[in-house]
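**Student:** The file below is final.cif, mmCIF, C-alpha atoms:
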data_input
#
loop_
_atom_site.group_PDB
_atom_site.id
_atom_site.type_symbol
_atom_site.label_atom_id
_atom_site.label_comp_id
_atom_site.auth_asym_id
_atom_site.auth_seq_id
_atom_site.Cartn_x
_atom_site.Cartn_y
_atom_site.Cartn_z
ATOM 1 C CA MET A 5 -21.838 -28.481 -2.735
ATOM 2 C CA LYS A 6 -19.614 -25.940 -4.326
ATOM 3 C CA ALA A 7 -19.420 -22.162 -4.307
ATOM 4 C CA LYS A 8 -17.899 -20.432 -7.299
ATOM 5 C CA ILE A 9 -16.704 -16.867 -7.075
ATOM 6 C CA ILE A 10 -15.671 -14.962 -10.169
ATOM 7 C CA ILE A 11 -13.725 -11.772 -9.545
ATOM 8 C CA THR A 12 -13.188 -9.221 -12.292
ATOM 9 C CA PRO A 13 -11.560 -5.790 -12.388
ATOM 10 C CA LYS A 14 -14.035 -2.919 -12.195
ATOM 11 C CA LYS A 15 -14.684 -1.152 -15.489
ATOM 12 C CA ALA A 16 -13.148 2.096 -14.213
ATOM 13 C CA VAL A 17 -9.885 0.355 -13.309
ATOM 14 C CA VAL A 18 -7.227 0.040 -15.989
ATOM 15 C CA ASP A 19 -6.575 -3.615 -16.730
ATOM 16 C CA PRO A 20 -3.203 -3.816 -18.505
ATOM 17 C CA GLN A 21 -3.270 -7.610 -18.308
ATOM 18 C CA GLY A 22 -6.592 -7.790 -20.112
ATOM 19 C CA LYS A 23 -5.376 -5.298 -22.711
ATOM 20 C CA THR A 24 -2.205 -7.328 -23.321
ATOM 21 C CA VAL A 25 -4.182 -10.564 -23.746
ATOM 22 C CA GLN A 26 -6.529 -8.752 -26.138
ATOM 23 C CA ASN A 27 -3.553 -7.543 -28.196
ATOM 24 C CA ALA A 28 -2.138 -11.065 -28.279
ATOM 25 C CA LEU A 29 -5.475 -12.473 -29.474
ATOM 26 C CA GLU A 30 -5.535 -9.884 -32.256
ATOM 27 C CA HIS A 31 -1.975 -10.823 -33.228
ATOM 28 C CA MET A 32 -3.062 -14.462 -33.429
ATOM 29 C CA GLY A 33 -5.670 -13.427 -35.946
ATOM 30 C CA TYR A 34 -8.828 -13.674 -33.805
ATOM 31 C CA LYS A 35 -11.316 -11.138 -35.114
ATOM 32 C CA GLY A 36 -14.076 -9.334 -33.316
ATOM 33 C CA VAL A 37 -12.548 -9.291 -29.826
ATOM 34 C CA THR A 38 -13.683 -5.987 -28.359
ATOM 35 C CA GLY A 39 -12.454 -6.408 -24.782
ATOM 36 C CA VAL A 40 -10.647 -8.800 -22.454
ATOM 37 C CA HIS A 41 -10.751 -8.640 -18.666
ATOM 38 C CA VAL A 42 -8.530 -10.893 -16.625
ATOM 39 C CA GLY A 43 -9.817 -11.773 -13.168
ATOM 40 C CA LYS A 44 -9.786 -14.611 -10.662
ATOM 41 C CA TYR A 45 -11.865 -17.707 -10.107
ATOM 42 C CA ILE A 46 -12.213 -19.190 -6.629
ATOM 43 C CA GLU A 47 -13.882 -22.514 -5.924
ATOM 44 C CA ILE A 48 -14.980 -23.301 -2.378
ATOM 45 C CA ASP A 49 -16.105 -26.776 -1.328
ATOM 46 C CA LEU A 50 -19.024 -26.801 1.090
ATOM 47 C CA ALA A 51 -20.196 -29.649 3.323
ATOM 48 C CA PRO A 52 -23.161 -31.545 1.851
ATOM 49 C CA GLY A 53 -26.501 -30.295 3.133
ATOM 50 C CA THR A 54 -25.214 -26.773 3.866
ATOM 51 C CA ASP A 55 -28.069 -24.306 4.150
ATOM 52 C CA LEU A 56 -28.058 -22.389 0.877
ATOM 53 C CA ALA A 57 -29.291 -19.039 2.188
ATOM 54 C CA ALA A 58 -26.863 -19.091 5.116
ATOM 55 C CA ALA A 59 -23.935 -20.035 2.860
ATOM 56 C CA GLU A 60 -24.852 -17.249 0.468
ATOM 57 C CA ARG A 61 -24.890 -14.729 3.286
ATOM 58 C CA VAL A 62 -21.540 -15.821 4.711
ATOM 59 C CA LEU A 63 -19.807 -16.074 1.348
ATOM 60 C CA ASN A 64 -21.089 -12.692 0.185
ATOM 61 C CA ASP A 65 -19.652 -11.268 3.372
ATOM 62 C CA ALA A 66 -16.315 -13.047 2.795
ATOM 63 C CA ALA A 67 -16.225 -12.010 -0.859
ATOM 64 C CA HIS A 68 -16.863 -8.406 0.056
ATOM 65 C CA LYS A 69 -14.415 -8.221 2.965
ATOM 66 C CA PHE A 70 -11.649 -10.505 1.828
ATOM 67 C CA LEU A 71 -11.883 -12.457 -1.415
ATOM 68 C CA SER A 72 -12.365 -9.328 -3.520
ATOM 69 C CA ASN A 73 -11.366 -5.710 -2.986
ATOM 70 C CA PRO A 74 -14.513 -3.632 -3.716
ATOM 71 C CA ILE A 75 -12.389 -0.583 -4.565
ATOM 72 C CA ILE A 76 -10.984 -2.260 -7.660
ATOM 73 C CA GLU A 77 -12.974 -5.449 -8.231
ATOM 74 C CA ASP A 78 -16.492 -6.801 -8.770
ATOM 75 C CA TYR A 79 -17.483 -10.365 -7.958
ATOM 76 C CA LYS A 80 -20.181 -12.854 -8.811
ATOM 77 C CA LEU A 81 -21.120 -15.658 -6.435
ATOM 78 C CA GLU A 82 -22.781 -18.912 -7.498
ATOM 79 C CA ILE A 83 -23.557 -21.884 -5.298
ATOM 80 C CA GLU A 84 -24.405 -25.233 -6.779
ATOM 81 C CA MET B 16 11.063 7.099 20.998
ATOM 82 C CA ASN B 17 10.624 3.459 20.102
ATOM 83 C CA PHE B 18 9.907 2.130 16.634
ATOM 84 C CA ALA B 19 8.141 -1.163 15.990
ATOM 85 C CA VAL B 20 8.969 -2.789 12.652
ATOM 86 C CA LEU B 21 6.424 -5.477 11.774
ATOM 87 C CA GLN B 22 7.529 -8.831 10.407
ATOM 88 C CA PHE B 23 5.205 -10.959 8.303
ATOM 89 C CA PRO B 24 6.214 -14.177 6.590
ATOM 90 C CA ALA B 25 8.054 -12.906 3.466
ATOM 91 C CA SER B 26 8.615 -9.356 4.662
ATOM 92 C CA ASN B 27 12.016 -8.486 3.209
ATOM 93 C CA CYS B 28 12.606 -4.816 3.978
ATOM 94 C CA ASP B 29 12.201 -5.222 7.738
ATOM 95 C CA GLN B 30 15.969 -5.276 8.341
ATOM 96 C CA ASP B 31 16.500 -2.219 6.150
ATOM 97 C CA ALA B 32 13.817 -0.290 8.064
ATOM 98 C CA LEU B 33 15.228 -1.294 11.454
ATOM 99 C CA HIS B 34 18.748 -0.358 10.294
ATOM 100 C CA ALA B 35 17.659 3.047 8.978
ATOM 101 C CA VAL B 36 15.907 4.024 12.216
ATOM 102 C CA ARG B 37 18.839 2.901 14.387
ATOM 103 C CA LEU B 38 21.366 4.576 12.090
ATOM 104 C CA LEU B 39 19.452 7.820 12.477
ATOM 105 C CA GLY B 40 19.764 7.488 16.242
ATOM 106 C CA HIS B 41 16.575 5.898 17.552
ATOM 107 C CA PRO B 42 15.698 2.486 18.993
ATOM 108 C CA ALA B 43 13.741 0.034 16.876
ATOM 109 C CA ARG B 44 12.702 -3.576 17.311
ATOM 110 C CA TYR B 45 10.846 -6.221 15.346
ATOM 111 C CA VAL B 46 7.286 -7.244 16.142
ATOM 112 C CA TRP B 47 6.269 -10.654 14.780
ATOM 113 C CA HIS B 48 2.915 -10.906 12.976
ATOM 114 C CA LYS B 49 1.489 -13.249 15.615
ATOM 115 C CA GLU B 50 1.956 -10.722 18.411
ATOM 116 C CA ASN B 51 -1.177 -9.104 19.852
ATOM 117 C CA SER B 52 0.594 -6.051 21.196
ATOM 118 C CA LEU B 53 3.007 -3.402 19.968
ATOM 119 C CA GLY B 54 4.456 -2.950 23.446
ATOM 120 C CA ASP B 55 5.918 0.475 24.129
ATOM 121 C CA ALA B 56 6.048 1.523 20.461
ATOM 122 C CA ASP B 57 5.686 5.222 19.629
ATOM 123 C CA ALA B 58 5.592 4.602 15.890
ATOM 124 C CA VAL B 59 5.037 1.602 13.627
ATOM 125 C CA ILE B 60 6.693 0.751 10.327
ATOM 126 C CA VAL B 61 4.915 -1.749 8.098
ATOM 127 C CA PRO B 62 7.811 -2.803 5.882
ATOM 128 C CA GLY B 63 8.101 -3.886 2.271
ATOM 129 C CA GLY B 64 8.239 -7.404 0.949
ATOM 130 C CA PHE B 65 5.730 -9.980 -0.200
ATOM 131 C CA SER B 66 3.767 -10.699 2.967
ATOM 132 C CA TYR B 67 2.065 -14.104 2.821
ATOM 133 C CA GLY B 68 3.431 -14.564 -0.699
ATOM 134 C CA ASP B 69 1.202 -11.776 -2.033
ATOM 135 C CA TYR B 70 -1.467 -14.491 -2.285
ATOM 136 C CA LEU B 71 -4.954 -13.400 -3.361
ATOM 137 C CA ARG B 72 -3.921 -9.711 -3.503
ATOM 138 C CA CYS B 73 -0.879 -7.886 -2.131
ATOM 139 C CA GLY B 74 -1.518 -7.236 1.557
ATOM 140 C CA ALA B 75 -4.913 -8.979 1.586
ATOM 141 C CA ILE B 76 -3.936 -11.684 4.057
ATOM 142 C CA ALA B 77 -1.537 -9.652 6.211
ATOM 143 C CA ARG B 78 -4.354 -7.337 7.211
ATOM 144 C CA PHE B 79 -6.030 -10.169 9.144
ATOM 145 C CA SER B 80 -2.914 -11.018 11.183
ATOM 146 C CA SER B 81 -2.984 -10.544 14.964
ATOM 147 C CA VAL B 82 -0.479 -7.720 14.890
ATOM 148 C CA MET B 83 -2.602 -5.743 12.424
ATOM 149 C CA GLN B 84 -5.471 -5.665 14.928
ATOM 150 C CA ALA B 85 -3.024 -4.030 17.352
ATOM 151 C CA VAL B 86 -1.892 -1.619 14.619
ATOM 152 C CA LYS B 87 -5.523 -0.633 13.934
ATOM 153 C CA GLN B 88 -6.057 0.132 17.581
ATOM 154 C CA PHE B 89 -2.744 2.019 17.740
ATOM 155 C CA ALA B 90 -3.786 4.116 14.722
ATOM 156 C CA ASP B 91 -7.267 4.705 16.175
ATOM 157 C CA ASN B 92 -5.542 6.129 19.255
ATOM 158 C CA GLY B 93 -3.580 8.545 17.082
ATOM 159 C CA GLY B 94 -0.304 6.569 16.878
ATOM 160 C CA LEU B 95 1.967 7.168 13.886
ATOM 161 C CA VAL B 96 2.024 4.365 11.317
ATOM 162 C CA ILE B 97 3.940 4.338 8.044
ATOM 163 C CA GLY B 98 3.666 1.609 5.413
ATOM 164 C CA ILE B 99 6.396 1.246 2.843
ATOM 165 C CA CYS B 100 5.804 -0.609 -0.447
ATOM 166 C CA ASN B 101 4.064 -3.845 0.606
ATOM 167 C CA GLY B 102 3.341 -2.046 3.883
ATOM 168 C CA PHE B 103 1.405 0.571 1.906
ATOM 169 C CA GLN B 104 -0.553 -2.226 0.223
ATOM 170 C CA VAL B 105 -1.301 -3.790 3.629
ATOM 171 C CA LEU B 106 -2.583 -0.469 5.007
ATOM 172 C CA THR B 107 -4.902 0.131 2.023
ATOM 173 C CA GLU B 108 -6.238 -3.442 2.267
ATOM 174 C CA ALA B 109 -6.800 -2.888 5.991
ATOM 175 C CA GLY B 110 -8.835 0.228 5.220
ATOM 176 C CA LEU B 111 -6.409 2.410 7.190
ATOM 177 C CA LEU B 112 -5.566 4.301 3.992
ATOM 178 C CA PRO B 113 -7.819 5.139 1.033
ATOM 179 C CA GLY B 114 -7.435 3.631 -2.437
ATOM 180 C CA ALA B 115 -5.727 0.512 -3.713
ATOM 181 C CA LEU B 116 -2.486 -0.504 -5.421
ATOM 182 C CA ILE B 117 -2.849 -2.421 -8.659
ATOM 183 C CA ARG B 118 -0.563 -3.926 -11.302
ATOM 184 C CA ASN B 119 1.897 -1.492 -12.882
ATOM 185 C CA ARG B 120 0.582 -0.017 -16.105
ATOM 186 C CA ASP B 121 3.276 -1.747 -18.210
ATOM 187 C CA LEU B 122 3.027 -5.073 -16.320
ATOM 188 C CA GLN B 123 6.746 -4.812 -15.493
ATOM 189 C CA PHE B 124 8.382 -4.992 -12.088
ATOM 190 C CA HIS B 125 10.153 -1.650 -11.650
ATOM 191 C CA CYS B 126 13.410 -1.538 -9.728
ATOM 192 C CA GLU B 127 14.985 1.883 -10.158
ATOM 193 C CA HIS B 128 15.588 5.258 -8.557
ATOM 194 C CA ILE B 129 12.860 7.850 -9.056
ATOM 195 C CA PHE B 130 12.251 11.413 -7.932
ATOM 196 C CA LEU B 131 9.572 12.367 -5.449
ATOM 197 C CA LYS B 132 7.949 15.715 -5.014
ATOM 198 C CA THR B 133 6.533 16.367 -1.562
ATOM 199 C CA ALA B 134 3.052 17.754 -2.070
ATOM 200 C CA THR B 135 2.687 19.085 1.475
ATOM 201 C CA THR B 136 4.958 19.425 4.496
ATOM 202 C CA ASP B 137 1.876 19.537 6.707
ATOM 203 C CA SER B 138 2.103 15.980 8.049
ATOM 204 C CA PRO B 139 4.139 14.016 10.610
ATOM 205 C CA PHE B 140 5.812 12.277 7.661
ATOM 206 C CA THR B 141 6.901 15.326 5.659
ATOM 207 C CA ASN B 142 7.364 18.214 8.112
ATOM 208 C CA LYS B 143 11.191 18.141 7.983
ATOM 209 C CA ILE B 144 11.570 17.790 4.227
ATOM 210 C CA PRO B 145 13.310 20.967 3.035
ATOM 211 C CA PRO B 146 10.958 23.084 0.897
ATOM 212 C CA GLY B 147 11.376 22.345 -2.797
ATOM 213 C CA LYS B 148 13.661 19.373 -2.110
ATOM 214 C CA LEU B 149 13.099 16.485 -4.503
ATOM 215 C CA LEU B 150 13.751 13.097 -2.947
ATOM 216 C CA ARG B 151 15.744 10.622 -5.019
ATOM 217 C CA VAL B 152 14.748 7.210 -3.668
ATOM 218 C CA PRO B 153 14.366 3.707 -5.098
ATOM 219 C CA ILE B 154 11.203 1.845 -6.005
ATOM 220 C CA ALA B 155 10.939 -1.932 -6.334
ATOM 221 C CA HIS B 156 7.439 -3.154 -7.094
ATOM 222 C CA GLY B 157 5.172 -4.817 -9.613
ATOM 223 C CA GLU B 158 1.906 -3.582 -8.133
ATOM 224 C CA GLY B 159 2.324 0.047 -7.227
ATOM 225 C CA CYS B 160 -0.166 1.768 -9.504
ATOM 226 C CA TYR B 161 -2.282 3.874 -7.154
ATOM 227 C CA PHE B 162 -6.003 3.756 -7.868
ATOM 228 C CA ALA B 163 -8.949 5.425 -6.168
ATOM 229 C CA ASP B 164 -12.345 6.430 -7.541
ATOM 230 C CA GLU B 165 -12.981 10.042 -8.493
ATOM 231 C CA GLU B 166 -14.794 10.849 -5.279
ATOM 232 C CA THR B 167 -11.892 9.547 -3.172
ATOM 233 C CA LEU B 168 -9.350 11.415 -5.299
ATOM 234 C CA ALA B 169 -11.302 14.641 -4.867
ATOM 235 C CA LYS B 170 -11.355 14.071 -1.100
ATOM 236 C CA LEU B 171 -7.609 13.374 -1.050
ATOM 237 C CA LYS B 172 -6.940 16.604 -2.906
ATOM 238 C CA ALA B 173 -9.306 18.685 -0.801
ATOM 239 C CA GLY B 174 -7.903 17.233 2.434
ATOM 240 C CA ASN B 175 -4.260 17.717 1.394
ATOM 241 C CA GLN B 176 -3.758 13.964 1.855
ATOM 242 C CA ILE B 177 -1.495 13.409 -1.145
ATOM 243 C CA LEU B 178 1.990 13.474 0.396
ATOM 244 C CA TRP B 179 4.329 12.444 -2.432
ATOM 245 C CA GLN B 180 4.088 12.360 -6.219
ATOM 246 C CA TYR B 181 6.435 10.919 -8.842
ATOM 247 C CA CYS B 182 8.176 13.709 -10.736
ATOM 248 C CA SER B 183 10.965 14.368 -13.215
ATOM 249 C CA ALA B 184 14.493 15.380 -12.124
ATOM 250 C CA THR B 185 13.322 18.970 -12.424
ATOM 251 C CA GLY B 186 10.191 18.435 -10.352
ATOM 252 C CA GLU B 187 7.513 18.211 -13.035
ATOM 253 C CA LEU B 188 4.646 15.762 -12.614
ATOM 254 C CA THR B 189 4.944 14.242 -16.080
ATOM 255 C CA GLU B 190 3.613 10.980 -17.471
ATOM 256 C CA SER B 191 7.150 9.807 -18.269
ATOM 257 C CA ALA B 192 8.180 10.338 -14.640
ATOM 258 C CA ASN B 193 5.301 8.139 -13.497
ATOM 259 C CA PRO B 194 6.796 4.624 -13.282
ATOM 260 C CA ASN B 195 3.620 2.639 -12.746
ATOM 261 C CA GLY B 196 0.603 4.569 -14.005
ATOM 262 C CA SER B 197 -0.525 5.870 -10.601
ATOM 263 C CA LEU B 198 -3.408 8.339 -10.805
ATOM 264 C CA LEU B 199 -2.169 11.937 -10.330
ATOM 265 C CA ASN B 200 1.385 10.478 -10.107
ATOM 266 C CA ILE B 201 0.565 9.525 -6.503
ATOM 267 C CA ALA B 202 3.431 7.767 -4.711
ATOM 268 C CA GLY B 203 2.134 8.172 -1.170
ATOM 269 C CA VAL B 204 -0.886 9.368 0.798
ATOM 270 C CA CYS B 205 -2.015 9.795 4.383
ATOM 271 C CA ASN B 206 -5.356 9.284 6.092
ATOM 272 C CA GLU B 207 -7.739 12.085 7.009
ATOM 273 C CA ARG B 208 -6.407 12.260 10.563
ATOM 274 C CA ARG B 209 -2.839 12.488 9.155
ATOM 275 C CA ASN B 210 -1.366 9.865 11.496
ATOM 276 C CA VAL B 211 -1.190 6.981 9.005
ATOM 277 C CA ALA B 212 0.783 7.216 5.760
ATOM 278 C CA GLY B 213 1.905 4.867 3.012
ATOM 279 C CA LEU B 214 4.219 5.142 0.037
ATOM 280 C CA MET B 215 5.526 2.758 -2.615
ATOM 281 C CA PRO B 216 9.129 4.100 -2.743
ATOM 282 C CA HIS B 217 11.714 2.967 -0.183
ATOM 283 C CA PRO B 218 13.089 5.770 2.013
ATOM 284 C CA GLU B 219 14.780 3.154 4.236
ATOM 285 C CA ARG B 220 16.950 2.095 1.298
ATOM 286 C CA ALA B 221 18.155 5.652 0.797
ATOM 287 C CA SER B 222 18.938 6.984 4.247
ATOM 288 C CA GLU B 223 22.732 6.951 4.104
ATOM 289 C CA LEU B 224 25.154 8.102 1.421
ATOM 290 C CA ALA B 225 26.782 4.668 1.229
ATOM 291 C CA LEU B 226 23.568 3.582 -0.528
ATOM 292 C CA GLY B 227 23.800 6.305 -3.156
ATOM 293 C CA SER B 228 21.266 8.697 -1.639
ATOM 294 C CA ASP B 229 20.269 9.788 1.825
ATOM 295 C CA ASP B 230 17.159 11.686 0.750
ATOM 296 C CA GLY B 231 14.935 9.089 2.410
ATOM 297 C CA LYS B 232 16.156 10.159 5.840
ATOM 298 C CA TRP B 233 14.010 13.294 5.620
ATOM 299 C CA ILE B 234 10.906 11.156 5.981
ATOM 300 C CA PHE B 235 12.292 9.508 9.133
ATOM 301 C CA GLU B 236 13.513 12.864 10.466
ATOM 302 C CA SER B 237 9.962 14.158 9.989
ATOM 303 C CA ILE B 238 8.558 11.283 12.058
ATOM 304 C CA PHE B 239 11.178 11.885 14.799
ATOM 305 C CA ALA B 240 10.251 15.580 14.893
ATOM 306 C CA ALA B 241 6.526 14.790 15.061
ATOM 307 C CA LEU B 242 7.104 12.352 17.947
ATOM 308 C CA GLU B 243 9.251 14.884 19.805
ATOM 309 C CA LYS B 244 6.509 17.470 19.422
ATOM 310 C CA LYS B 245 3.987 14.977 20.741
ATOM 311 C CA THR B 246 6.159 14.180 23.781
ATOM 312 C CA ALA B 247 6.692 17.884 24.471
ATOM 313 C CA ALA B 248 2.944 18.545 24.228
ATOM 314 C CA LYS B 249 2.261 15.720 26.696
ATOM 315 C CA ALA B 250 4.832 17.065 29.166
ATOM 316 C CA ALA B 251 3.469 20.603 28.982
#
Once you've parsed the file, please lay out its structure as structure tokens.
**Tutor:**
Amino acid sequence: MKAKIIITPKKAVVDPQGKTVQNALEHMGYKGVTGVHVGKYIEIDLAPGTDLAAAERVLNDAAHKFLSNPIIEDYKLEIE
Amino acid sequence: MNFAVLQFPASNCDQDALHAVRLLGHPARYVWHKENSLGDADAVIVPGGFSYGDYLRCGAIARFSSVMQAVKQFADNGGLVIGICNGFQVLTEAGLLPGALIRNRDLQFHCEHIFLKTATTDSPFTNKIPPGKLLRVPIAHGEGCYFADEETLAKLKAGNQILWQYCSATGELTESANPNGSLLNIAGVCNERRNVAGLMPHPERASELALGSDDGKWIFESIFAALEKKTAAKAA
């Protein structure tokens, strides 16, 4: 089992990295790019047979307290 | 009055902080991140550097260290804590100070001298700064852009919690004097109780003229004065 956590900067937070990547894409000639947001991707391996609901609870807690900073970031958790 | 200077793996301004305090006439010692106690400390300095390699986010891992649990308790009891640069990032991550520090607006690491305007002398960290005095101190960071949501910013303003702001050589809070894109040119803040403060600039690297500026000493002198007042109040 694997948990995947995608962390992105909140919309209200300036994201100079995303803006720079967007500019670079435009320079390369890619059209129609209206926004780029650079975040983080964390993969967590879970023991087989882990209880899904319990894992979700624990990982949401970890993502909120530690893996992301809720002041500046949003996160999405998926377990598969 | 005893100063505790924390040491995390990859702290690199710990020696500068210890040196500055001793040079200004007070005892200071290191406290390793695995310690559970701050001993007889009267004030704590969380120094600059790249604690735990800045992994995940600056300060995110340091906040879970044993010594930070002791710092939280110390702060809860009213003890004076100041975080400098990475120390500021650690204190925001730990929830001891509001807001967060994010990547500099221009994505560059800034290593230069800047000017600081002291927004209020009503704090243990600013009480000795001469009125109107601009502090010329260095910065050295890649992630020093202060961010807080509008509600938090309004609270900071209303509570007089903004302590220092980046300014021009003539004391104006201009965009060009803002090295990293910090909201409201914020360089340092304190908590509501006014016993915990953090700032991105390095006063410990500018506390003697041999280093080109001794303006940073005013911040330490303020802490000494606040501690003296506290001791006097206890004795009375």
**Student:** Taking all atoms listed in the file into account, which of A:Thr54, A:Ile76, A:Gly43, A:Val62 comes nearest chain B?
**Tutor:**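 Selected residue with least distance to chain B: A:Ile76.
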**Student:** Specify as a list in words each residue included when the PyMOL selection byres ((chain A) within 10 of (chain B)) is applied to this file.
**Tutor:**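 Evaluating the PyMOL selection byres ((chain A) within 10 of (chain B)) on these coordinates yields Ala16, Val17, Val18, Asp19, Pro20, Gln21, Thr24, Lys44, Ile46, Lys69, Phe70, Leu71, Ser72, Asn73, Pro74, Ile75 and Ile76 of chain A.
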**Student:** To one decimal in Å, tell me the separation between atom CA of Gln104 of chain B and atom CA of Val42 of chain A.
**Tutor:** 20.6 Å
**Student:** Have a look at B:Phe140, B:Phe103, B:Trp47, B:Phe130 and name the one nearest to Tyr161 of chain B; count only C-alpha atoms.
**Tutor:** B:Phe103
**Student:** Quick one, how far is atom CA of Leu188 of chain B from atom CA of Lys14 of chain A?
**Tutor:**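 Atom-to-atom, atom CA of Leu188 of chain B to atom CA of Lys14 of chain A, that is 26.4 Å.
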**Student:** Enclose segment 150-160 of chain B, meaning all of its atoms listed in the file, in a box aligned along x, y and z, pad it by 5 Å on each side, and list the centre and edge lengths in Å to one decimal, as lines of an AutoDock Vina configuration file.
**Tutor:**
center_x = 7.8
center_y = 4.1
center_z = -6.3
size_x = 25.9
size_y = 27.9
size_z = 16.7
**Student:** Written as a ChimeraX atom specification, what is the full residue list that the PyMOL selection byres ((chain B and resi 42) around 12) yields on the file shown?
**Tutor:** /B:16-20,32-41,43-45,55-59,239
**Student:** Suppose a student applies the PyMOL selection byres ((chain B and resi 221-226) around 10) to this structure; what residues should they get, written as a list in words?
**Tutor:** Asp31, Ala32, His34, Ala35, Val36, Leu38, Leu39, His128, Leu150, Arg151, Val152, Pro153, Pro216, His217, Pro218, Glu219, Arg220, Gly227, Ser228, Asp229, Asp230, Gly231, Lys232, Trp233, Ile234 and Phe235 of chain B
